[in-house]
file target_36.csv (CSV, C-alpha atoms and all ligand atoms)
chain,number,residue,atom,x,y,z
V,93,MET,CA,-60.4,188.2,-228.1
V,94,THR,CA,-64.1,188.0,-227.1
V,95,LYS,CA,-66.9,189.7,-228.9
V,96,THR,CA,-67.3,192.0,-225.9
V,97,GLU,CA,-63.6,193.0,-226.0
V,98,GLN,CA,-63.9,193.7,-229.8
V,99,GLU,CA,-67.0,195.8,-229.1
V,100,GLU,CA,-65.0,197.8,-226.6
V,101,LEU,CA,-62.3,198.5,-229.1
V,102,LEU,CA,-64.9,199.5,-231.7
V,103,ASN,CA,-66.5,201.9,-229.2
V,104,ILE,CA,-63.2,203.6,-228.4
V,105,ALA,CA,-62.4,203.9,-232.1
V,106,LEU,CA,-65.8,205.4,-232.8
V,107,GLU,CA,-65.4,207.8,-229.8
V,108,ALA,CA,-61.9,208.9,-230.9
V,109,ALA,CA,-63.0,209.4,-234.6
V,110,ASP,CA,-66.1,211.4,-233.4
V,111,LYS,CA,-64.1,213.7,-231.2
V,112,ALA,CA,-61.5,214.3,-234.0
V,113,ALA,CA,-64.3,214.9,-236.5
V,114,SER,CA,-66.0,217.5,-234.3
V,115,PHE,CA,-62.6,219.2,-233.8
V,116,ILE,CA,-61.8,219.1,-237.6
V,117,SER,CA,-65.3,220.6,-238.4
V,118,GLU,CA,-64.6,223.6,-236.1
V,119,GLN,CA,-61.1,224.0,-237.6
V,120,ALA,CA,-62.5,224.1,-241.1
V,121,LYS,CA,-64.2,227.4,-240.2
V,122,MET,CA,-60.9,229.0,-239.0
V,123,THR,CA,-57.6,230.1,-240.6
V,124,LEU,CA,-55.4,227.0,-240.9
V,125,LYS,CA,-51.7,226.9,-240.5
V,126,VAL,CA,-50.5,225.0,-243.5
V,127,ASP,CA,-47.0,223.5,-243.8
V,128,PHE,CA,-45.4,221.5,-246.6
V,129,LYS,CA,-44.0,218.0,-246.1
V,130,GLY,CA,-43.1,218.0,-249.8
V,131,THR,CA,-43.9,220.2,-252.8
V,132,THR,CA,-47.5,219.1,-252.8
V,133,ASN,CA,-47.8,217.2,-249.6
V,134,LEU,CA,-49.6,219.4,-247.0
V,135,VAL,CA,-50.0,219.2,-243.3
V,136,THR,CA,-52.0,221.5,-241.1
V,137,ASN,CA,-52.2,222.3,-237.4
V,138,ALA,CA,-55.6,220.4,-237.6
V,139,ASP,CA,-53.9,217.2,-238.7
V,140,VAL,CA,-51.5,217.3,-235.7
V,141,SER,CA,-54.2,218.2,-233.1
V,142,SER,CA,-56.6,215.6,-234.5
V,143,GLU,CA,-54.0,213.0,-234.1
V,144,GLN,CA,-53.4,214.1,-230.4
V,145,ILE,CA,-57.1,213.9,-229.7
V,146,ILE,CA,-57.3,210.4,-231.1
V,147,MET,CA,-54.2,209.2,-229.3
V,148,GLU,CA,-55.4,210.7,-225.9
V,149,THR,CA,-58.7,208.8,-226.3
V,150,ILE,CA,-57.0,205.5,-227.1
V,151,CYS,CA,-54.3,205.9,-224.4
V,152,ALA,CA,-56.8,206.7,-221.7
V,153,ARG,CA,-58.4,203.3,-222.2
V,154,PHE,CA,-55.7,201.1,-223.6
V,155,PRO,CA,-52.4,202.6,-222.4
V,156,ASP,CA,-50.4,199.5,-223.2
V,157,HIS,CA,-51.5,199.2,-226.9
V,158,GLN,CA,-49.1,200.1,-229.8
V,159,ILE,CA,-49.9,203.1,-232.1
V,160,LEU,CA,-48.9,203.9,-235.7
V,161,THR,CA,-49.9,207.3,-236.8
V,162,GLU,CA,-49.1,209.5,-239.8
V,163,GLU,CA,-47.9,212.7,-238.1
V,164,ALA,CA,-46.2,212.0,-234.8
V,165,GLY,CA,-44.8,208.5,-235.3
V,166,SER,CA,-45.3,205.3,-233.4
V,167,ILE,CA,-45.7,204.1,-229.8
V,168,GLU,CA,-44.1,200.7,-229.5
V,169,THR,CA,-45.0,198.7,-226.4
V,170,GLY,CA,-44.7,195.1,-227.6
V,171,SER,CA,-48.5,194.7,-227.3
V,172,ASP,CA,-50.4,192.4,-229.7
V,173,TYR,CA,-52.7,195.3,-230.5
V,174,LEU,CA,-51.7,198.1,-232.9
V,175,TRP,CA,-53.9,201.1,-233.7
V,176,VAL,CA,-53.3,202.6,-237.2
V,177,ILE,CA,-54.4,206.2,-237.5
V,178,ASP,CA,-54.8,208.8,-240.3
V,179,PRO,CA,-55.9,211.9,-238.4
V,180,ILE,CA,-57.1,213.6,-241.6
V,181,ASP,CA,-57.1,211.5,-244.8
V,182,GLY,CA,-57.4,214.0,-247.7
V,183,THR,CA,-55.6,216.9,-246.2
V,184,THR,CA,-55.3,218.7,-249.6
V,185,ASN,CA,-59.1,218.5,-249.9
V,186,PHE,CA,-59.5,219.8,-246.3
V,187,VAL,CA,-57.2,222.8,-247.0
V,188,HIS,CA,-59.2,223.7,-250.1
V,189,GLY,CA,-62.7,223.2,-248.5
V,190,TYR,CA,-63.4,220.3,-250.9
V,191,PRO,CA,-65.5,218.0,-248.6
V,192,PHE,CA,-63.8,214.7,-249.2
V,193,PHE,CA,-61.7,214.2,-246.1
V,194,ALA,CA,-62.0,211.7,-243.3
V,195,VAL,CA,-60.7,210.3,-240.0
V,196,SER,CA,-59.4,206.8,-240.3
V,197,ILE,CA,-58.7,204.4,-237.4
V,198,ALA,CA,-58.0,200.7,-237.5
V,199,VAL,CA,-57.1,198.2,-234.7
V,200,CYS,CA,-55.0,195.2,-235.7
V,201,GLU,CA,-54.3,192.1,-233.6
V,202,ARG,CA,-50.8,190.8,-234.6
V,203,GLU,CA,-51.1,192.7,-237.9
V,204,LYS,CA,-54.6,191.3,-238.6
V,205,PRO,CA,-57.3,194.1,-238.7
V,206,ILE,CA,-60.1,193.4,-236.2
V,207,VAL,CA,-61.8,196.9,-236.1
V,208,GLY,CA,-62.1,199.7,-238.7
V,209,VAL,CA,-63.7,203.1,-238.4
V,210,ILE,CA,-63.8,205.9,-241.0
V,211,ASN,CA,-65.6,209.1,-240.3
V,212,HIS,CA,-66.5,211.2,-243.4
V,213,VAL,CA,-66.4,214.5,-241.5
V,214,HIS,CA,-68.4,216.8,-243.8
V,215,PHE,CA,-71.3,214.5,-244.4
V,216,GLY,CA,-71.3,212.8,-241.0
V,217,ASP,CA,-71.2,209.3,-242.5
V,218,VAL,CA,-69.5,206.9,-240.1
V,219,TYR,CA,-68.3,203.6,-241.6
V,220,SER,CA,-67.4,200.7,-239.3
V,221,ALA,CA,-66.5,197.0,-239.3
V,222,THR,CA,-65.5,194.3,-236.9
V,223,ALA,CA,-63.9,190.9,-237.8
V,224,GLY,CA,-66.6,188.6,-238.9
V,225,GLY,CA,-69.3,191.2,-238.0
V,226,GLY,CA,-69.9,192.8,-241.4
V,227,ALA,CA,-69.6,196.5,-242.4
V,228,PHE,CA,-71.9,199.4,-241.6
V,229,CYS,CA,-72.6,203.0,-242.5
V,230,ASN,CA,-74.3,204.9,-239.7
V,231,GLY,CA,-75.3,201.6,-238.1
V,232,GLU,CA,-76.9,200.2,-241.3
V,233,PRO,CA,-75.3,197.2,-243.0
V,234,ILE,CA,-73.5,197.9,-246.3
V,235,ALA,CA,-72.4,195.6,-249.1
V,236,VAL,CA,-70.3,195.8,-252.3
V,237,SER,CA,-72.0,196.1,-255.7
V,238,THR,CA,-73.0,193.2,-257.9
V,239,THR,CA,-71.5,194.7,-261.1
V,240,ASP,CA,-69.8,191.9,-263.0
V,241,SER,CA,-68.1,193.5,-266.0
V,242,LEU,CA,-65.6,196.3,-266.4
V,243,LYS,CA,-67.8,198.0,-269.0
V,244,ARG,CA,-70.5,198.5,-266.4
V,245,GLY,CA,-68.1,199.5,-263.7
V,246,LEU,CA,-67.2,202.8,-262.0
V,247,LEU,CA,-63.7,202.8,-260.5
V,248,ALA,CA,-61.5,205.1,-258.4
V,249,THR,CA,-57.8,205.6,-258.1
V,250,GLY,CA,-55.4,208.1,-256.5
V,251,PHE,CA,-51.9,209.5,-257.2
V,252,SER,CA,-49.1,209.9,-254.7
V,253,TYR,CA,-47.3,213.1,-254.0
V,254,GLU,CA,-44.2,211.8,-255.7
V,255,HIS,CA,-44.4,212.4,-259.4
V,256,ASP,CA,-42.1,209.4,-260.2
V,257,GLU,CA,-42.2,206.4,-262.6
V,258,ILE,CA,-45.1,204.7,-260.7
V,259,TRP,CA,-47.1,207.9,-260.9
V,260,SER,CA,-46.6,208.0,-264.6
V,261,ARG,CA,-47.5,204.4,-265.0
V,262,ASN,CA,-50.7,205.0,-263.1
V,263,MET,CA,-51.6,207.9,-265.5
V,264,ASP,CA,-51.5,205.3,-268.3
V,265,LEU,CA,-53.7,202.9,-266.2
V,266,PHE,CA,-56.1,205.8,-265.5
V,267,LYS,CA,-56.4,206.3,-269.3
V,268,ASN,CA,-56.8,202.6,-270.0
V,269,PHE,CA,-59.4,202.0,-267.3
V,270,THR,CA,-61.3,205.1,-268.4
V,271,ASN,CA,-61.5,203.6,-271.8
V,272,LEU,CA,-62.7,200.2,-270.5
V,273,THR,CA,-65.3,201.3,-267.9
V,274,GLN,CA,-67.9,203.9,-267.2
V,275,GLY,CA,-65.3,206.1,-265.6
V,276,VAL,CA,-62.5,206.5,-263.1
V,277,ARG,CA,-62.9,208.9,-260.2
V,278,ARG,CA,-60.1,210.6,-258.3
V,279,ALA,CA,-61.5,212.2,-255.1
V,280,GLY,CA,-58.3,212.5,-253.1
V,281,ALA,CA,-59.0,210.5,-250.0
V,282,ALA,CA,-58.1,206.8,-250.2
V,283,SER,CA,-60.1,205.9,-247.0
V,284,LEU,CA,-63.3,207.2,-248.7
V,285,ASP,CA,-62.5,205.4,-251.9
V,286,PHE,CA,-62.5,202.2,-250.0
V,287,CYS,CA,-65.8,203.1,-248.2
V,288,HIS,CA,-67.4,203.9,-251.5
V,289,VAL,CA,-66.4,200.4,-252.8
V,290,ALA,CA,-67.8,198.9,-249.5
V,291,ARG,CA,-71.2,200.6,-249.9
V,292,GLY,CA,-71.4,199.7,-253.6
V,293,TRP,CA,-71.1,203.3,-255.1
V,294,LEU,CA,-67.9,202.3,-256.7
V,295,ASP,CA,-67.0,198.8,-258.1
V,296,GLY,CA,-63.2,198.9,-257.7
V,297,PHE,CA,-60.3,201.0,-256.4
V,298,TRP,CA,-56.6,200.7,-256.9
V,299,GLU,CA,-53.7,202.8,-255.8
V,300,TYR,CA,-49.9,202.7,-255.5
V,301,GLU,CA,-47.5,204.2,-252.9
V,302,LEU,CA,-50.1,204.4,-250.1
V,303,ASN,CA,-49.1,204.1,-246.5
V,304,PRO,CA,-50.6,201.8,-243.8
V,305,TRP,CA,-52.7,204.6,-242.3
V,306,ASP,CA,-54.3,205.3,-245.7
V,307,MET,CA,-55.4,201.6,-246.1
V,308,ALA,CA,-55.8,199.9,-242.7
V,309,ALA,CA,-59.4,200.7,-241.9
V,310,GLY,CA,-60.6,201.0,-245.5
V,311,ALA,CA,-59.3,197.7,-246.8
V,312,PHE,CA,-60.8,195.9,-243.8
V,313,ILE,CA,-64.2,197.6,-244.3
V,314,VAL,CA,-64.3,196.5,-248.0
V,315,GLN,CA,-63.5,192.9,-246.9
V,316,GLU,CA,-66.2,192.9,-244.3
V,317,ALA,CA,-68.7,194.3,-246.9
V,318,GLY,CA,-68.1,191.2,-249.0
V,319,GLY,CA,-65.4,192.6,-251.4
V,320,SER,CA,-61.9,191.4,-252.3
V,321,VAL,CA,-58.7,193.1,-251.4
V,322,THR,CA,-55.3,192.1,-252.8
V,323,LYS,CA,-52.1,193.6,-254.0
V,324,THR,CA,-52.1,194.8,-257.7
V,325,ASP,CA,-50.5,191.5,-258.8
V,326,GLY,CA,-53.2,189.5,-257.1
V,327,SER,CA,-51.1,188.3,-254.2
V,328,ASP,CA,-52.2,188.7,-250.5
V,329,PHE,CA,-52.8,192.2,-249.3
V,330,ALA,CA,-50.4,193.4,-246.5
V,331,LEU,CA,-50.6,196.6,-244.6
V,332,PHE,CA,-47.0,197.6,-245.2
V,333,ASP,CA,-46.8,196.8,-248.9
V,334,ARG,CA,-47.9,200.3,-250.1
V,335,GLU,CA,-50.3,199.2,-252.9
V,336,VAL,CA,-53.8,197.8,-253.1
V,337,LEU,CA,-56.6,196.6,-255.4
V,338,ALA,CA,-60.0,196.6,-253.6
V,339,SER,CA,-63.2,195.6,-255.5
V,340,ASN,CA,-66.6,194.1,-255.3
V,341,GLY,CA,-64.9,190.7,-256.1
V,342,HIS,CA,-66.8,190.2,-259.4
V,343,ILE,CA,-64.5,192.4,-261.4
V,344,HIS,CA,-61.4,191.7,-259.5
V,345,ASN,CA,-59.8,189.4,-262.0
V,346,ALA,CA,-60.7,191.7,-264.9
V,347,MET,CA,-59.0,194.6,-263.1
V,348,LEU,CA,-56.0,192.4,-262.3
V,349,ASP,CA,-55.6,191.5,-266.0
V,350,GLN,CA,-55.1,195.3,-266.7
V,351,LEU,CA,-53.0,196.0,-263.7
V,352,LYS,CA,-50.6,193.1,-264.5
V,353,ARG,CA,-50.1,194.1,-268.2
V,401,LIG,C1,-53.6,210.9,-249.2
V,401,LIG,C2,-55.0,210.6,-249.8
V,401,LIG,C3,-55.0,210.5,-251.3
V,401,LIG,C4,-53.9,209.6,-251.8
V,401,LIG,C5,-52.6,209.9,-251.2
V,401,LIG,C6,-52.6,209.9,-249.7
V,401,LIG,P1,-53.3,212.3,-247.0
V,401,LIG,O1,-53.6,211.0,-247.8
V,401,LIG,O2,-55.4,209.4,-249.2
V,401,LIG,O3,-56.2,210.1,-251.7
V,401,LIG,O4,-54.0,209.6,-253.2
V,401,LIG,O5,-51.7,208.9,-251.7
V,401,LIG,O6,-51.3,210.2,-249.2
V,401,LIG,O7,-51.9,212.8,-247.2
V,401,LIG,O8,-54.3,213.3,-247.4
V,401,LIG,O9,-53.5,211.8,-245.6
V,402,CA,CA,-53.8,209.6,-245.9
V,403,CA,CA,-53.3,212.3,-243.4

call {"tool": "encode", "arguments": {"input": "target_36.csv", "output": "C-alpha cells"}}
result
Amino acid sequence: MTKTEQEELLNIALEAADKAASFISEQAKMTLKVDFKGTTNLVTNADVSSEQIIMETICARFPDHQILTEEAGSIETGSDYLWVIDPIDGTTNFVHGYPFFAVSIAVCEREKPIVGVINHVHFGDVYSATAGGGAFCNGEPIAVSTTDSLKRGLLATGFSYEHDEIWSRNMDLFKNFTNLTQGVRRAGAASLDFCHVARGWLDGFWEYELNPWDMAAGAFIVQEAGGSVTKTDGSDFALFDREVLASNGHIHNAMLDQLKR
C-alpha cells in the first residue's frame, strides 16, 4: 500500500465519520427510538442509521472491501481490507445526553490496522492515525503522557453490559487501582478512553469483554501516539481477543503487575 492509497483510505474514513457525526448531532435534538439488546445494552434508530451512512460512504468508493460493524453485521468479500465500525460508541451516554459518545472507524490490512478515525461528536474533536504517520487531533500531532509511576497516574476503565464474574473482578481492580493512583475514570465510551490516553489526558486504560469495533481505531491511535497496547496479561494485542491494556508505555508494566495478580 502506497502513502497515497493510505491517504485515500484516511480521507474516506474522515468523510464517513464526519457525515455520521453531523447526523448524530441532529438526532440528539429529536426523540430517539430506543430498543434493548440486553437489560442495559441499548440501541437507537440513530445507531442503525449512522452505520448505514458510514457503510454507504465506504461502499461508494471501495465496493470490494470487507466490513465489520456492530449493528448490521459483516460484509465478507475476501478482500485484504477490512473496515471495523462502531456507528455510536457510548450509546448509553448518547441516550442520556451525556456528551461522551463517538463514531469509530478503522481500516485493517490483513488484520493489521493502517488507518483509525474517531470523531467525538459533541466536542467536534477528530482523532486520526495512519500506520507510521503518527496520531493527530484536529490535525495537530498528539502524544501520550510522560507519567512514570502509578501514584502520579490517572486511569480509565469500563464495564461490560454482562454483570458476570469478569465484571465483578473488574470492580475489585477498579478499587485497587483507585487506591494506587490519582483516580480511575469511567466515562462509558471505550473509543474516547483510548483517545484520552493518546493525547496524554489519561495515563492508562484497561477493559475486559470489549468487541473489535470498540477497540480497532482507538488501540491503533494510542500506538501511533507512542503508547503501548497489549492484552491484560502482557501478550500481543489482537482485535478479536476482547480485552486490552493501553498506556503511555511508562506505567505499562506497573499496570500489568496489578492486572496479573
Ligand atoms: C460500549 C462503550 C463502553 C464500554 C462497553 C461498550 P457501545 O460500547 O464503549 O465504554 O464499557 O463495553 O460496549 O455499546 O456504547 O457501543
Ligand atoms: Ca462500542
Ligand atoms: Ca456502538

call {"tool": "residues_around", "arguments": {"input": "target_36.csv", "residues": "range 266-281 of chain V", "least_positions_apart": "2", "cutoff": "7 Å", "atoms": "all atoms listed in the file", "output": "list in words"}}
result
Asp181, Gly182, Asn185, Phe192, Phe193, Leu242, Lys243, Arg244, Gly245, Leu246, Leu247, Ala248, Thr249, Gly250, Asn262, Met263, Asp264, Ser283, Leu284 and Asp285 of chain V

call {"tool": "write_last_selection", "arguments": {"input": "target_36.csv", "atoms": "C-alpha atoms", "output": "tab-separated table (two decimals), in the coordinates of the input"}}
result
chain	number	residue	atom	x	y	z
V	181	ASP	CA	-57.10	211.50	-244.80
V	182	GLY	CA	-57.40	214.00	-247.70
V	185	ASN	CA	-59.10	218.50	-249.90
V	192	PHE	CA	-63.80	214.70	-249.20
V	193	PHE	CA	-61.70	214.20	-246.10
V	242	LEU	CA	-65.60	196.30	-266.40
V	243	LYS	CA	-67.80	198.00	-269.00
V	244	ARG	CA	-70.50	198.50	-266.40
V	245	GLY	CA	-68.10	199.50	-263.70
V	246	LEU	CA	-67.20	202.80	-262.00
V	247	LEU	CA	-63.70	202.80	-260.50
V	248	ALA	CA	-61.50	205.10	-258.40
V	249	THR	CA	-57.80	205.60	-258.10
V	250	GLY	CA	-55.40	208.10	-256.50
V	262	ASN	CA	-50.70	205.00	-263.10
V	263	MET	CA	-51.60	207.90	-265.50
V	264	ASP	CA	-51.50	205.30	-268.30
V	283	SER	CA	-60.10	205.90	-247.00
V	284	LEU	CA	-63.30	207.20	-248.70
V	285	ASP	CA	-62.50	205.40	-251.90

call {"tool": "residues_around", "arguments": {"input": "target_36.csv", "residues": "Glu148 in chain V", "least_positions_apart": "6", "cutoff": "12 Å", "atoms": "all atoms listed in the file", "output": "PyMOL selection string"}}
result
chain V and resi 104-105+107-109+111-112+141-142+154-155+159

call {"tool": "residues_near_point", "arguments": {"input": "target_36.csv", "point": "(-43.3, 197.4, -222.7)", "cutoff": "12 Å", "atoms": "only C-alpha atoms", "output": "JSON, numbers by chain"}}
result
{"V": [155, 156, 157, 158, 167, 168, 169, 170, 171, 172]}

call {"tool": "closest_residue", "arguments": {"input": "target_36.csv", "among": "V:Asn137, V:Ser166, V:Ser220, V:Gln119", "to": "Leu106 in chain V", "atoms": "all atoms listed in the file"}}
result
V:Ser220

call {"tool": "closest_residue", "arguments": {"input": "target_36.csv", "among": "V:Asn211, V:Asp306, V:Leu124, V:Asp325", "to": "Leu160 in chain V", "atoms": "all atoms listed in the file"}}
result
V:Asp306

call {"tool": "decode", "arguments": {"input": "target_36.csv", "residues": "range 231-242 of chain V", "atoms": "all heavy atoms", "output": "PDB file, in the first residue's frame"}}
result
ATOM      1  N   GLY V 231      -5.976  17.578  13.345  1.00  0.00           N
ATOM      2  CA  GLY V 231      -4.824  17.912  12.501  1.00  0.00           C
ATOM      3  C   GLY V 231      -3.543  18.218  13.264  1.00  0.00           C
ATOM      4  O   GLY V 231      -2.475  18.335  12.662  1.00  0.00           O
ATOM      5  N   GLU V 232      -3.618  18.351  14.598  1.00  0.00           N
ATOM      6  CA  GLU V 232      -2.409  18.634  15.397  1.00  0.00           C
ATOM      7  C   GLU V 232      -1.852  17.328  15.951  1.00  0.00           C
ATOM      8  O   GLU V 232      -2.620  16.505  16.481  1.00  0.00           O
ATOM      9  CB  GLU V 232      -2.763  19.543  16.587  1.00  0.00           C
ATOM     10  CG  GLU V 232      -3.245  20.928  16.215  1.00  0.00           C
ATOM     11  CD  GLU V 232      -2.161  21.756  15.529  1.00  0.00           C
ATOM     12  OE1 GLU V 232      -0.992  21.643  15.931  1.00  0.00           O
ATOM     13  OE2 GLU V 232      -2.507  22.474  14.573  1.00  0.00           O
ATOM     14  N   PRO V 233      -0.522  17.121  15.911  1.00  0.00           N
ATOM     15  CA  PRO V 233       0.050  15.890  16.448  1.00  0.00           C
ATOM     16  C   PRO V 233      -0.256  15.736  17.937  1.00  0.00           C
ATOM     17  O   PRO V 233      -0.254  16.728  18.675  1.00  0.00           O
ATOM     18  CB  PRO V 233       1.561  16.065  16.245  1.00  0.00           C
ATOM     19  CG  PRO V 233       1.711  17.164  15.267  1.00  0.00           C
ATOM     20  CD  PRO V 233       0.493  18.030  15.361  1.00  0.00           C
ATOM     21  N   ILE V 234      -0.528  14.507  18.358  1.00  0.00           N
ATOM     22  CA  ILE V 234      -0.746  14.230  19.786  1.00  0.00           C
ATOM     23  C   ILE V 234       0.233  13.144  20.236  1.00  0.00           C
ATOM     24  O   ILE V 234       0.718  12.358  19.413  1.00  0.00           O
ATOM     25  CB  ILE V 234      -2.203  13.796  20.114  1.00  0.00           C
ATOM     26  CG1 ILE V 234      -2.660  12.638  19.197  1.00  0.00           C
ATOM     27  CG2 ILE V 234      -3.151  14.976  20.029  1.00  0.00           C
ATOM     28  CD1 ILE V 234      -4.000  12.029  19.614  1.00  0.00           C
ATOM     29  N   ALA V 235       0.494  13.116  21.548  1.00  0.00           N
ATOM     30  CA  ALA V 235       1.424  12.123  22.093  1.00  0.00           C
ATOM     31  C   ALA V 235       0.968  11.733  23.494  1.00  0.00           C
ATOM     32  O   ALA V 235       0.314  12.527  24.196  1.00  0.00           O
ATOM     33  CB  ALA V 235       2.833  12.701  22.156  1.00  0.00           C
ATOM     34  N   VAL V 236       1.318  10.520  23.888  1.00  0.00           N
ATOM     35  CA  VAL V 236       0.988  10.028  25.228  1.00  0.00           C
ATOM     36  C   VAL V 236       1.755  10.829  26.282  1.00  0.00           C
ATOM     37  O   VAL V 236       2.717  11.524  25.965  1.00  0.00           O
ATOM     38  CB  VAL V 236       1.317   8.514  25.371  1.00  0.00           C
ATOM     39  CG1 VAL V 236       0.412   7.688  24.484  1.00  0.00           C
ATOM     40  CG2 VAL V 236       2.786   8.243  25.065  1.00  0.00           C
ATOM     41  N   SER V 237       1.329  10.677  27.549  1.00  0.00           N
ATOM     42  CA  SER V 237       1.941  11.419  28.658  1.00  0.00           C
ATOM     43  C   SER V 237       3.315  10.852  29.018  1.00  0.00           C
ATOM     44  O   SER V 237       3.697   9.776  28.553  1.00  0.00           O
ATOM     45  CB  SER V 237       1.029  11.342  29.886  1.00  0.00           C
ATOM     46  OG  SER V 237       1.022  10.000  30.349  1.00  0.00           O
ATOM     47  N   THR V 238       4.009  11.552  29.898  1.00  0.00           N
ATOM     48  CA  THR V 238       5.325  11.081  30.350  1.00  0.00           C
ATOM     49  C   THR V 238       5.266  10.558  31.790  1.00  0.00           C
ATOM     50  O   THR V 238       6.302  10.223  32.358  1.00  0.00           O
ATOM     51  CB  THR V 238       6.364  12.223  30.283  1.00  0.00           C
ATOM     52  OG1 THR V 238       5.842  13.333  31.023  1.00  0.00           O
ATOM     53  CG2 THR V 238       6.631  12.650  28.856  1.00  0.00           C
ATOM     54  N   THR V 239       4.079  10.480  32.354  1.00  0.00           N
ATOM     55  CA  THR V 239       3.910   9.993  33.736  1.00  0.00           C
ATOM     56  C   THR V 239       4.563   8.615  33.897  1.00  0.00           C
ATOM     57  O   THR V 239       4.306   7.708  33.109  1.00  0.00           O
ATOM     58  CB  THR V 239       2.398   9.862  34.046  1.00  0.00           C
ATOM     59  OG1 THR V 239       1.775  11.103  33.741  1.00  0.00           O
ATOM     60  CG2 THR V 239       2.155   9.487  35.494  1.00  0.00           C
ATOM     61  N   ASP V 240       5.427   8.489  34.928  1.00  0.00           N
ATOM     62  CA  ASP V 240       6.165   7.225  35.020  1.00  0.00           C
ATOM     63  C   ASP V 240       5.915   6.445  36.304  1.00  0.00           C
ATOM     64  O   ASP V 240       6.668   5.525  36.625  1.00  0.00           O
ATOM     65  CB  ASP V 240       7.663   7.463  34.804  1.00  0.00           C
ATOM     66  CG  ASP V 240       8.231   8.396  35.865  1.00  0.00           C
ATOM     67  OD1 ASP V 240       7.465   8.801  36.763  1.00  0.00           O
ATOM     68  OD2 ASP V 240       9.427   8.718  35.772  1.00  0.00           O
ATOM     69  N   SER V 241       4.868   6.819  37.057  1.00  0.00           N
ATOM     70  CA  SER V 241       4.542   5.991  38.228  1.00  0.00           C
ATOM     71  C   SER V 241       3.029   5.948  38.399  1.00  0.00           C
ATOM     72  O   SER V 241       2.317   6.908  38.049  1.00  0.00           O
ATOM     73  CB  SER V 241       5.193   6.555  39.499  1.00  0.00           C
ATOM     74  OG  SER V 241       4.607   7.799  39.798  1.00  0.00           O
ATOM     75  N   LEU V 242       2.567   4.841  38.945  1.00  0.00           N
ATOM     76  CA  LEU V 242       1.121   4.704  39.163  1.00  0.00           C
ATOM     77  C   LEU V 242       0.617   5.798  40.083  1.00  0.00           C
ATOM     78  O   LEU V 242      -0.465   6.347  39.882  1.00  0.00           O
ATOM     79  CB  LEU V 242       0.803   3.336  39.775  1.00  0.00           C
ATOM     80  CG  LEU V 242       0.750   2.128  38.850  1.00  0.00           C
ATOM     81  CD1 LEU V 242       0.281   0.899  39.615  1.00  0.00           C
ATOM     82  CD2 LEU V 242      -0.164   2.391  37.657  1.00  0.00           C
TER      83      LEU V 242
END
